[in-house]
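Shown below: query.pdb, with PDB, C-alpha atoms, pLDDT in the B column.
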MODEL        1
ATOM      1  CA  MET A   1      72.580  80.092 141.025  1.00 54.00           C
ATOM      2  CA  LEU A   2      72.564  80.222 137.237  1.00 48.00           C
ATOM      3  CA  LEU A   3      74.225  83.649 137.276  1.00 50.00           C
ATOM      4  CA  LEU A   4      76.895  82.388 139.675  1.00 48.00           C
ATOM      5  CA  SER A   5      77.601  79.433 137.368  1.00 50.00           C
ATOM      6  CA  ILE A   6      77.963  81.716 134.344  1.00 48.00           C
ATOM      7  CA  VAL A   7      80.322  84.099 136.159  1.00 47.00           C
ATOM      8  CA  SER A   8      82.415  81.182 137.455  1.00 51.00           C
ATOM      9  CA  ALA A   9      82.636  79.659 133.995  1.00 49.00           C
ATOM     10  CA  SER A  10      83.721  82.976 132.488  1.00 50.00           C
ATOM     11  CA  PHE A  11      86.626  83.204 134.952  1.00 46.00           C
ATOM     12  CA  LEU A  12      87.661  79.648 134.180  1.00 48.00           C
ATOM     13  CA  LEU A  13      87.615  80.362 130.438  1.00 49.00           C
ATOM     14  CA  GLU A  14      89.603  83.548 130.934  1.00 48.00           C
ATOM     15  CA  GLY A  15      92.253  81.562 132.743  1.00 48.00           C
ATOM     16  CA  CYS A  16      92.516  79.166 129.803  1.00 51.00           C
ATOM     17  CA  ALA A  17      92.627  81.887 127.171  1.00 49.00           C
ATOM     18  CA  THR A  18      95.693  81.842 124.937  1.00 53.00           C
ATOM     19  CA  ILE A  19      94.726  84.541 122.400  1.00 58.00           C
ATOM     20  CA  ASN A  20      97.561  87.020 121.874  1.00 61.00           C
ATOM     21  CA  ARG A  21      96.099  90.527 121.831  1.00 60.00           C
ATOM     22  CA  GLY A  22      99.386  92.384 121.398  1.00 65.00           C
ATOM     23  CA  ALA A  23      99.073  95.904 120.014  1.00 68.00           C
ATOM     24  CA  PHE A  24      99.829  96.588 116.343  1.00 67.00           C
ATOM     25  CA  THR A  25     103.138  98.441 116.659  1.00 74.00           C
ATOM     26  CA  GLU A  26     104.448 101.526 114.884  1.00 73.00           C
ATOM     27  CA  ALA A  27     107.202  99.409 113.309  1.00 78.00           C
ATOM     28  CA  GLN A  28     104.661  96.924 111.945  1.00 75.00           C
ATOM     29  CA  ALA A  29     102.572  99.756 110.502  1.00 72.00           C
ATOM     30  CA  ALA A  30     105.629 101.202 108.778  1.00 73.00           C
ATOM     31  CA  THR A  31     106.545  97.959 107.031  1.00 75.00           C
ATOM     32  CA  ALA A  32     103.159  96.292 106.425  1.00 74.00           C
ATOM     33  CA  THR A  33     102.522  95.123 102.863  1.00 72.00           C
ATOM     34  CA  VAL A  34      99.916  93.122 100.973  1.00 70.00           C
ATOM     35  CA  PRO A  35     101.629  89.837  99.984  1.00 71.00           C
ATOM     36  CA  GLY A  36     101.812  89.472  96.234  1.00 70.00           C
ATOM     37  CA  ILE A  37     100.795  93.086  95.475  1.00 68.00           C
ATOM     38  CA  ALA A  38     103.872  95.281  95.718  1.00 66.00           C
ATOM     39  CA  ASP A  39     102.119  98.548  94.787  1.00 66.00           C
ATOM     40  CA  ALA A  40      98.984  98.101  96.909  1.00 69.00           C
ATOM     41  CA  ARG A  41      99.945 100.494  99.714  1.00 73.00           C
ATOM     42  CA  PHE A  42     102.110 103.584 100.244  1.00 70.00           C
ATOM     43  CA  TRP A  43     102.326 106.397 102.786  1.00 74.00           C
ATOM     44  CA  ALA A  44     100.404 109.478 101.711  1.00 71.00           C
ATOM     45  CA  ASP A  45     103.163 111.772 103.029  1.00 74.00           C
ATOM     46  CA  ALA A  46     106.072 109.829 101.486  1.00 74.00           C
ATOM     47  CA  PRO A  47     108.269 111.389  98.779  1.00 78.00           C
ATOM     48  CA  GLY A  48     106.623 110.820  95.414  1.00 72.00           C
ATOM     49  CA  ALA A  49     103.241 109.899  96.908  1.00 70.00           C
ATOM     50  CA  GLY A  50     101.639 112.878  95.202  1.00 68.00           C
ATOM     51  CA  ARG A  51     102.710 111.572  91.794  1.00 70.00           C
ATOM     52  CA  GLN A  52     101.148 108.187  92.555  1.00 67.00           C
ATOM     53  CA  MET A  53      97.802 109.836  93.266  1.00 68.00           C
ATOM     54  CA  THR A  54      97.916 112.448  90.517  1.00 70.00           C
ATOM     55  CA  ALA A  55      95.400 112.272  87.680  1.00 71.00           C
ATOM     56  CA  SER A  56      95.664 114.196  84.407  1.00 73.00           C
ATOM     57  CA  PHE A  57      91.954 113.792  83.582  1.00 75.00           C
ATOM     58  CA  ARG A  58      90.026 117.027  82.982  1.00 79.00           C
ATOM     59  CA  GLY A  59      86.259 117.440  83.069  1.00 73.00           C
ATOM     60  CA  ARG A  60      83.893 118.987  80.529  1.00 74.00           C
ATOM     61  CA  ASP A  61      85.131 122.514  81.205  1.00 74.00           C
ATOM     62  CA  GLY A  62      88.764 121.518  81.581  1.00 76.00           C
ATOM     63  CA  GLU A  63      88.585 121.504  85.373  1.00 79.00           C
ATOM     64  CA  THR A  64      90.221 119.047  87.760  1.00 84.00           C
ATOM     65  CA  ALA A  65      87.606 117.989  90.311  1.00 86.00           C
ATOM     66  CA  MET A  66      88.759 116.162  93.438  1.00 87.00           C
ATOM     67  CA  LEU A  67      86.572 114.505  96.085  1.00 91.00           C
ATOM     68  CA  ALA A  68      87.794 113.534  99.586  1.00 89.00           C
ATOM     69  CA  LEU A  69      85.333 111.554 101.713  1.00 90.00           C
ATOM     70  CA  SER A  70      85.783 111.541 105.491  1.00 87.00           C
ATOM     71  CA  GLY A  71      85.179 108.702 107.918  1.00 83.00           C
ATOM     72  CA  GLY A  72      82.411 108.538 110.489  1.00 83.00           C
ATOM     73  CA  SER A  73      80.777 105.105 110.636  1.00 81.00           C
ATOM     74  CA  ASP A  74      77.038 105.310 109.837  1.00 83.00           C
ATOM     75  CA  ASN A  75      77.399 109.074 109.342  1.00 85.00           C
ATOM     76  CA  GLY A  76      78.625 108.071 105.893  1.00 88.00           C
ATOM     77  CA  ALA A  77      74.940 108.187 105.015  1.00 90.00           C
ATOM     78  CA  PHE A  78      75.351 111.971 104.841  1.00 92.00           C
ATOM     79  CA  GLY A  79      77.982 111.602 102.107  1.00 92.00           C
ATOM     80  CA  ALA A  80      75.793 109.164 100.194  1.00 93.00           C
ATOM     81  CA  GLY A  81      72.871 111.586 100.418  1.00 94.00           C
ATOM     82  CA  LEU A  82      75.025 114.534  99.381  1.00 94.00           C
ATOM     83  CA  LEU A  83      76.173 112.711  96.241  1.00 96.00           C
ATOM     84  CA  ASN A  84      72.592 111.800  95.340  1.00 96.00           C
ATOM     85  CA  GLY A  85      71.493 115.400  95.824  1.00 96.00           C
ATOM     86  CA  TRP A  86      74.488 116.717  93.903  1.00 96.00           C
ATOM     87  CA  THR A  87      73.497 114.572  90.937  1.00 96.00           C
ATOM     88  CA  LYS A  88      69.904 115.848  91.055  1.00 96.00           C
ATOM     89  CA  SER A  89      71.163 119.440  91.105  1.00 96.00           C
ATOM     90  CA  GLY A  90      72.792 118.871  87.718  1.00 94.00           C
ATOM     91  CA  THR A  91      76.124 120.340  88.855  1.00 93.00           C
ATOM     92  CA  ARG A  92      78.016 117.214  89.926  1.00 93.00           C
ATOM     93  CA  PRO A  93      81.325 116.939  88.026  1.00 91.00           C
ATOM     94  CA  GLU A  94      83.137 113.846  86.818  1.00 91.00           C
ATOM     95  CA  PHE A  95      85.886 113.613  89.411  1.00 90.00           C
ATOM     96  CA  SER A  96      89.529 113.338  88.429  1.00 88.00           C
ATOM     97  CA  ILE A  97      90.490 111.997  91.863  1.00 86.00           C
ATOM     98  CA  VAL A  98      88.347 110.346  94.549  1.00 89.00           C
ATOM     99  CA  THR A  99      89.690 109.238  97.911  1.00 85.00           C
ATOM    100  CA  GLY A 100      88.193 108.321 101.262  1.00 86.00           C
ATOM    101  CA  ILE A 101      88.930 107.134 104.797  1.00 85.00           C
ATOM    102  CA  SER A 102      86.968 104.472 106.692  1.00 86.00           C
ATOM    103  CA  THR A 103      83.312 104.678 105.635  1.00 89.00           C
ATOM    104  CA  GLY A 104      84.435 107.257 103.069  1.00 89.00           C
ATOM    105  CA  ALA A 105      86.630 104.570 101.496  1.00 87.00           C
ATOM    106  CA  LEU A 106      83.521 102.390 101.130  1.00 90.00           C
ATOM    107  CA  ILE A 107      81.659 105.228  99.377  1.00 92.00           C
ATOM    108  CA  ALA A 108      84.618 106.157  97.153  1.00 91.00           C
ATOM    109  CA  PRO A 109      84.282 103.421  94.459  1.00 91.00           C
ATOM    110  CA  PHE A 110      80.627 104.322  93.858  1.00 94.00           C
ATOM    111  CA  ALA A 111      81.315 108.062  93.870  1.00 94.00           C
ATOM    112  CA  PHE A 112      84.205 107.488  91.455  1.00 92.00           C
ATOM    113  CA  LEU A 113      82.047 105.582  88.949  1.00 93.00           C
ATOM    114  CA  GLY A 114      79.461 108.339  88.849  1.00 93.00           C
ATOM    115  CA  ALA A 115      75.765 109.018  89.096  1.00 94.00           C
ATOM    116  CA  GLY A 116      74.849 105.576  87.786  1.00 94.00           C
ATOM    117  CA  GLU A 117      75.810 104.177  91.207  1.00 95.00           C
ATOM    118  CA  ASP A 118      73.690 106.619  93.228  1.00 96.00           C
ATOM    119  CA  ALA A 119      70.824 104.172  93.747  1.00 95.00           C
ATOM    120  CA  GLU A 120      73.163 101.421  94.993  1.00 94.00           C
ATOM    121  CA  LEU A 121      74.895 103.888  97.297  1.00 93.00           C
ATOM    122  CA  ALA A 122      71.555 105.012  98.719  1.00 94.00           C
ATOM    123  CA  ARG A 123      70.466 101.390  99.201  1.00 94.00           C
ATOM    124  CA  LEU A 124      73.643 100.507 101.076  1.00 92.00           C
ATOM    125  CA  TYR A 125      73.229 103.370 103.528  1.00 92.00           C
ATOM    126  CA  THR A 126      69.469 103.234 104.077  1.00 92.00           C
ATOM    127  CA  THR A 127      68.560  99.528 104.138  1.00 92.00           C
ATOM    128  CA  ILE A 128      71.285  97.952 106.282  1.00 88.00           C
ATOM    129  CA  SER A 129      71.338  97.577 110.066  1.00 88.00           C
ATOM    130  CA  GLN A 130      73.744  96.543 112.799  1.00 88.00           C
ATOM    131  CA  ARG A 131      73.411  92.859 111.911  1.00 90.00           C
ATOM    132  CA  ASP A 132      74.756  93.630 108.413  1.00 91.00           C
ATOM    133  CA  ILE A 133      77.938  95.107 109.931  1.00 89.00           C
ATOM    134  CA  TYR A 134      78.922  92.960 112.905  1.00 90.00           C
ATOM    135  CA  ARG A 135      77.810  90.034 115.025  1.00 91.00           C
ATOM    136  CA  THR A 136      78.308  90.048 118.792  1.00 90.00           C
ATOM    137  CA  ARG A 137      79.967  86.903 120.077  1.00 89.00           C
ATOM    138  CA  PHE A 138      78.470  84.745 122.835  1.00 86.00           C
ATOM    139  CA  ALA A 139      79.745  86.108 126.165  1.00 85.00           C
ATOM    140  CA  LEU A 140      81.472  82.904 127.258  1.00 83.00           C
ATOM    141  CA  ALA A 141      83.309  82.674 123.920  1.00 83.00           C
ATOM    142  CA  ILE A 142      84.829  86.173 124.094  1.00 81.00           C
ATOM    143  CA  PRO A 143      87.850  85.238 126.266  1.00 82.00           C
ATOM    144  CA  LEU A 144      88.884  82.662 123.657  1.00 81.00           C
ATOM    145  CA  SER A 145      88.203  84.933 120.693  1.00 81.00           C
ATOM    146  CA  PRO A 146      90.257  87.738 119.095  1.00 80.00           C
ATOM    147  CA  SER A 147      87.435  90.251 119.643  1.00 82.00           C
ATOM    148  CA  ALA A 148      84.058  90.790 121.310  1.00 88.00           C
ATOM    149  CA  ALA A 149      82.340  90.893 117.912  1.00 89.00           C
ATOM    150  CA  SER A 150      82.854  89.537 114.407  1.00 89.00           C
ATOM    151  CA  THR A 151      82.792  91.766 111.322  1.00 89.00           C
ATOM    152  CA  LYS A 152      82.161  88.814 109.039  1.00 91.00           C
ATOM    153  CA  PRO A 153      78.747  90.289 108.032  1.00 91.00           C
ATOM    154  CA  LEU A 154      80.505  93.467 106.809  1.00 89.00           C
ATOM    155  CA  GLY A 155      82.977  91.327 104.866  1.00 89.00           C
ATOM    156  CA  ARG A 156      80.112  89.569 103.095  1.00 91.00           C
ATOM    157  CA  LEU A 157      78.408  92.899 102.356  1.00 91.00           C
ATOM    158  CA  ILE A 158      81.587  94.328 100.816  1.00 88.00           C
ATOM    159  CA  ALA A 159      82.159  91.152  98.784  1.00 88.00           C
ATOM    160  CA  ARG A 160      78.623  91.365  97.363  1.00 90.00           C
ATOM    161  CA  SER A 161      78.946  95.070  96.546  1.00 90.00           C
ATOM    162  CA  LEU A 162      82.507  95.337  95.197  1.00 86.00           C
ATOM    163  CA  THR A 163      82.092  92.832  92.396  1.00 87.00           C
ATOM    164  CA  ASP A 164      84.663  91.864  89.766  1.00 86.00           C
ATOM    165  CA  SER A 165      82.661  93.876  87.237  1.00 89.00           C
ATOM    166  CA  LEU A 166      82.743  97.013  89.401  1.00 89.00           C
ATOM    167  CA  ILE A 167      86.507  96.703  89.979  1.00 85.00           C
ATOM    168  CA  ASP A 168      87.076  96.239  86.233  1.00 87.00           C
ATOM    169  CA  ARG A 169      85.118  99.440  85.579  1.00 90.00           C
ATOM    170  CA  ILE A 170      87.355 101.298  88.038  1.00 86.00           C
ATOM    171  CA  ALA A 171      90.393  99.990  86.138  1.00 84.00           C
ATOM    172  CA  ARG A 172      88.948 101.249  82.835  1.00 87.00           C
ATOM    173  CA  GLU A 173      88.454 104.705  84.353  1.00 86.00           C
ATOM    174  CA  HIS A 174      92.043 104.638  85.588  1.00 81.00           C
ATOM    175  CA  ARG A 175      93.131 104.173  81.982  1.00 81.00           C
ATOM    176  CA  ARG A 176      91.361 107.474  81.272  1.00 81.00           C
ATOM    177  CA  GLU A 177      93.889 109.031  83.699  1.00 81.00           C
ATOM    178  CA  ARG A 178      91.422 109.173  86.599  1.00 83.00           C
ATOM    179  CA  SER A 179      92.467 108.050  90.083  1.00 79.00           C
ATOM    180  CA  ALA A 180      90.694 106.338  92.998  1.00 78.00           C
ATOM    181  CA  CYS A 181      92.425 105.699  96.332  1.00 76.00           C
ATOM    182  CA  ALA A 182      91.264 104.261  99.640  1.00 74.00           C
ATOM    183  CA  GLY A 183      92.917 105.487 102.806  1.00 70.00           C
ATOM    184  CA  ARG A 184      93.756 104.090 106.241  1.00 67.00           C
ATOM    185  CA  LEU A 185      94.613 106.278 109.242  1.00 64.00           C
ATOM    186  CA  PHE A 186      97.149 105.243 111.884  1.00 61.00           C
ATOM    187  CA  PRO A 187      96.724 107.252 115.129  1.00 59.00           C
ATOM    188  CA  VAL A 188     100.234 106.810 116.598  1.00 55.00           C
ATOM    189  CA  PRO A 189     101.996 108.540 115.044  1.00 60.00           C
ATOM    190  CA  PRO A 190      99.248 110.294 113.037  1.00 62.00           C
ATOM    191  CA  ARG A 191      99.783 109.143 109.460  1.00 65.00           C
ATOM    192  CA  ALA A 192      97.730 108.024 106.477  1.00 69.00           C
ATOM    193  CA  ALA A 193      98.356 105.115 104.125  1.00 69.00           C
ATOM    194  CA  ALA A 194      96.905 105.206 100.603  1.00 69.00           C
ATOM    195  CA  MET A 195      95.821 102.218  98.529  1.00 67.00           C
ATOM    196  CA  PRO A 196      95.248 102.900  94.806  1.00 68.00           C
ATOM    197  CA  ALA A 197      92.308 100.905  93.449  1.00 63.00           C
ATOM    198  CA  ALA A 198      93.868 100.670  89.993  1.00 56.00           C
ATOM    199  CA  SER A 199      96.390  98.079  91.219  1.00 54.00           C
ATOM    200  CA  LEU A 200      93.676  95.593  92.204  1.00 54.00           C
ATOM    201  CA  PRO A 201      92.204  94.035  89.015  1.00 49.00           C
ATOM    202  CA  SER A 202      95.459  92.420  87.885  1.00 49.00           C
ATOM    203  CA  HIS A 203      95.778  90.810  91.328  1.00 45.00           C
ATOM    204  CA  ARG A 204      92.215  89.503  91.711  1.00 47.00           C
ATOM    205  CA  GLU A 205      93.340  85.908  92.341  1.00 45.00           C
ATOM    206  CA  THR A 206      95.653  87.018  95.138  1.00 39.00           C
ATOM    207  CA  LEU A 207      92.960  89.204  96.695  1.00 42.00           C
ATOM    208  CA  ASP A 208      90.398  86.412  96.499  1.00 43.00           C
ATOM    209  CA  CYS A 209      92.747  84.059  98.362  1.00 38.00           C
ATOM    210  CA  ARG A 210      93.426  86.664 101.057  1.00 38.00           C
ATOM    211  CA  TYR A 211      89.702  87.347 101.505  1.00 37.00           C
ATOM    212  CA  ARG A 212      88.784  83.661 101.723  1.00 38.00           C
ATOM    213  CA  ALA A 213      91.576  83.027 104.224  1.00 36.00           C
ATOM    214  CA  GLY A 214      90.277  85.775 106.511  1.00 39.00           C
ATOM    215  CA  SER A 215      86.540  85.384 105.969  1.00 40.00           C
ATOM    216  CA  GLY A 216      86.058  83.196 109.014  1.00 40.00           C
ATOM    217  CA  LYS A 217      87.095  85.867 111.496  1.00 44.00           C
TER     218      LYS A 217
ENDMDL
END

Using the file provided, produce a representation of the structure as structure tokens.
Amino acid sequence: MLLLSIVSASFLLEGCATINRGAFTEAQAATATVPGIADARFWADAPGAGRQMTASFRGRDGETAMLALSGGSDNGAFGAGLLNGWTKSGTRPEFSIVTGISTGALIAPFAFLGAGEDAELARLYTTISQRDIYRTRFALAIPLSPSAASTKPLGRLIARSLTDSLIDRIAREHRRERSACAGRLFPVPPRAAAMPAASLPSHRETLDCRYRAGSGK
């Protein structure tokens, strides 16, 4: 009887649902911007994109070292472990350019700042669990919600980790002609958008407002 009541209630809620779950269109992807930050996003294959990501920094031996970190959800732990092991080997360079997609974009700021962030990177990938990433919504609330789960826990984790101090350090490294970019893949059509981290510190107030406005999702 209880099960029947729950199923009946779920159908009633579904009938009352007014959430618009329209797909994010190709046209919207092509024109999307971050309000108040004109240079926060550009297409990686657009004319001149290479110049926006270029870094003139050279390492100890005059080399240009570039690091690209792939996505892969919790498999990002492999990248975090590789960086820790690379440091211990004594051969890890100071990267001129660091970029990443998805979980790789979360690793990128720490990889960019160097071996001093290895312990924090290891902590983030070895001490968190599902509850630190997302929270499943109550079944009867899903029809009236924009998703079956909330990523608010991940938002809080990122806010605690990417502090003002850390972002300021990234900006100082950018002034040394080093470059850090986060990436976002769009599957249809296959295309990547790049977001240079160096543009963020001067827009911290704008970013803080955007984050607070969306933190309840």

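The set of protein, DNA and RNA residues with any counted atom at most 9 Å from (88.3, 110.9, 102.1) (all atoms listed in the file) reads Leu67, Ala68, Leu69, Ser70, Gly71, Val98, Thr99, Gly100, Ile101, Ser102, Thr103, Gly104, Ala105, Ala108, Cys181, Ala182 and Gly183 of chain A.
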
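Atom CA of Glu177 of chain A sits 23.2 Å away from atom CA of Trp86 of chain A.
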
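Separating atom CA of Phe112 of chain A from atom CA of Gly79 of chain A is a distance of 13.0 Å.
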
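Of note, atom CA of Pro109 of chain A and atom CA of Ala49 of chain A are spaced 20.2 Å apart.
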
Kindly compute an axis-aligned box around the listed atoms of segment 150-156 of chain A, allowing 5 Å on each side, and express its centre and edge lengths in Å to one decimal as lines of an AutoDock Vina configuration file.
center_x = 80.9
center_y = 91.1
center_z = 108.8
size_x = 14.2
size_y = 14.7
size_z = 21.3

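Proximity ranking of A:Arg41, A:Leu162, A:Gly36, A:Ala180 relative to Glu117 of chain A places A:Leu162 first, based on all atoms listed in the file.
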
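Of the residues under consideration (A:Arg175, A:Arg58, A:Arg137, A:Arg160), A:Arg58 shows the shortest atom-to-atom contact distance to Pro93 of chain A when counting only C-alpha atoms.
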
Can you tell me, as an NGL selection string, what residues are no more than 10 Å from Ser96 of chain A when counting all atoms listed in the file, ignoring any on the same chain fewer than 6 positions away? :A and (54-59 or 63-67 or 112 or 173-174 or 176-180)

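Proximity of A:Thr87, A:Ser73, A:Leu157, A:Ser150 to Gly116 of chain A, computed with only C-alpha atoms, is greatest for A:Thr87.
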
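Each of A:Asp74, A:Asp164, A:Pro143, A:Ala111 was checked against Thr127 of chain A using only C-alpha atoms; the smallest atom-to-atom distance is that of A:Asp74.
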
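Distances to Phe110 of chain A were evaluated for A:Ile128, A:Ile142, A:Leu83, A:Ala148 using all atoms listed in the file, and the minimum falls at A:Leu83.
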
Distance query Ala80 of chain A at most 8 Å, all atoms listed in the file, self and fewer than 3 positions along chain excluded, as a ChimeraX atom specification: /A:76-77,83-84,107,118,121-122,125

Once you have the residues from the selection above, write them out as a CSV table (one decimal), in the coordinates of the input, restricted to C-alpha atoms.
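out-v9.csv, freshly written:
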chain,number,residue,atom,x,y,z
A,76,GLY,CA,78.6,108.1,105.9
A,77,ALA,CA,74.9,108.2,105.0
A,83,LEU,CA,76.2,112.7,96.2
A,84,ASN,CA,72.6,111.8,95.3
A,107,ILE,CA,81.7,105.2,99.4
A,118,ASP,CA,73.7,106.6,93.2
A,121,LEU,CA,74.9,103.9,97.3
A,122,ALA,CA,71.6,105.0,98.7
A,125,TYR,CA,73.2,103.4,103.5

Result set of the PyMOL selection byres ((chain A and resi 153) around 10) on the coordinates above, as a ChimeraX atom specification: /A:130-135,150-152,154-159,215
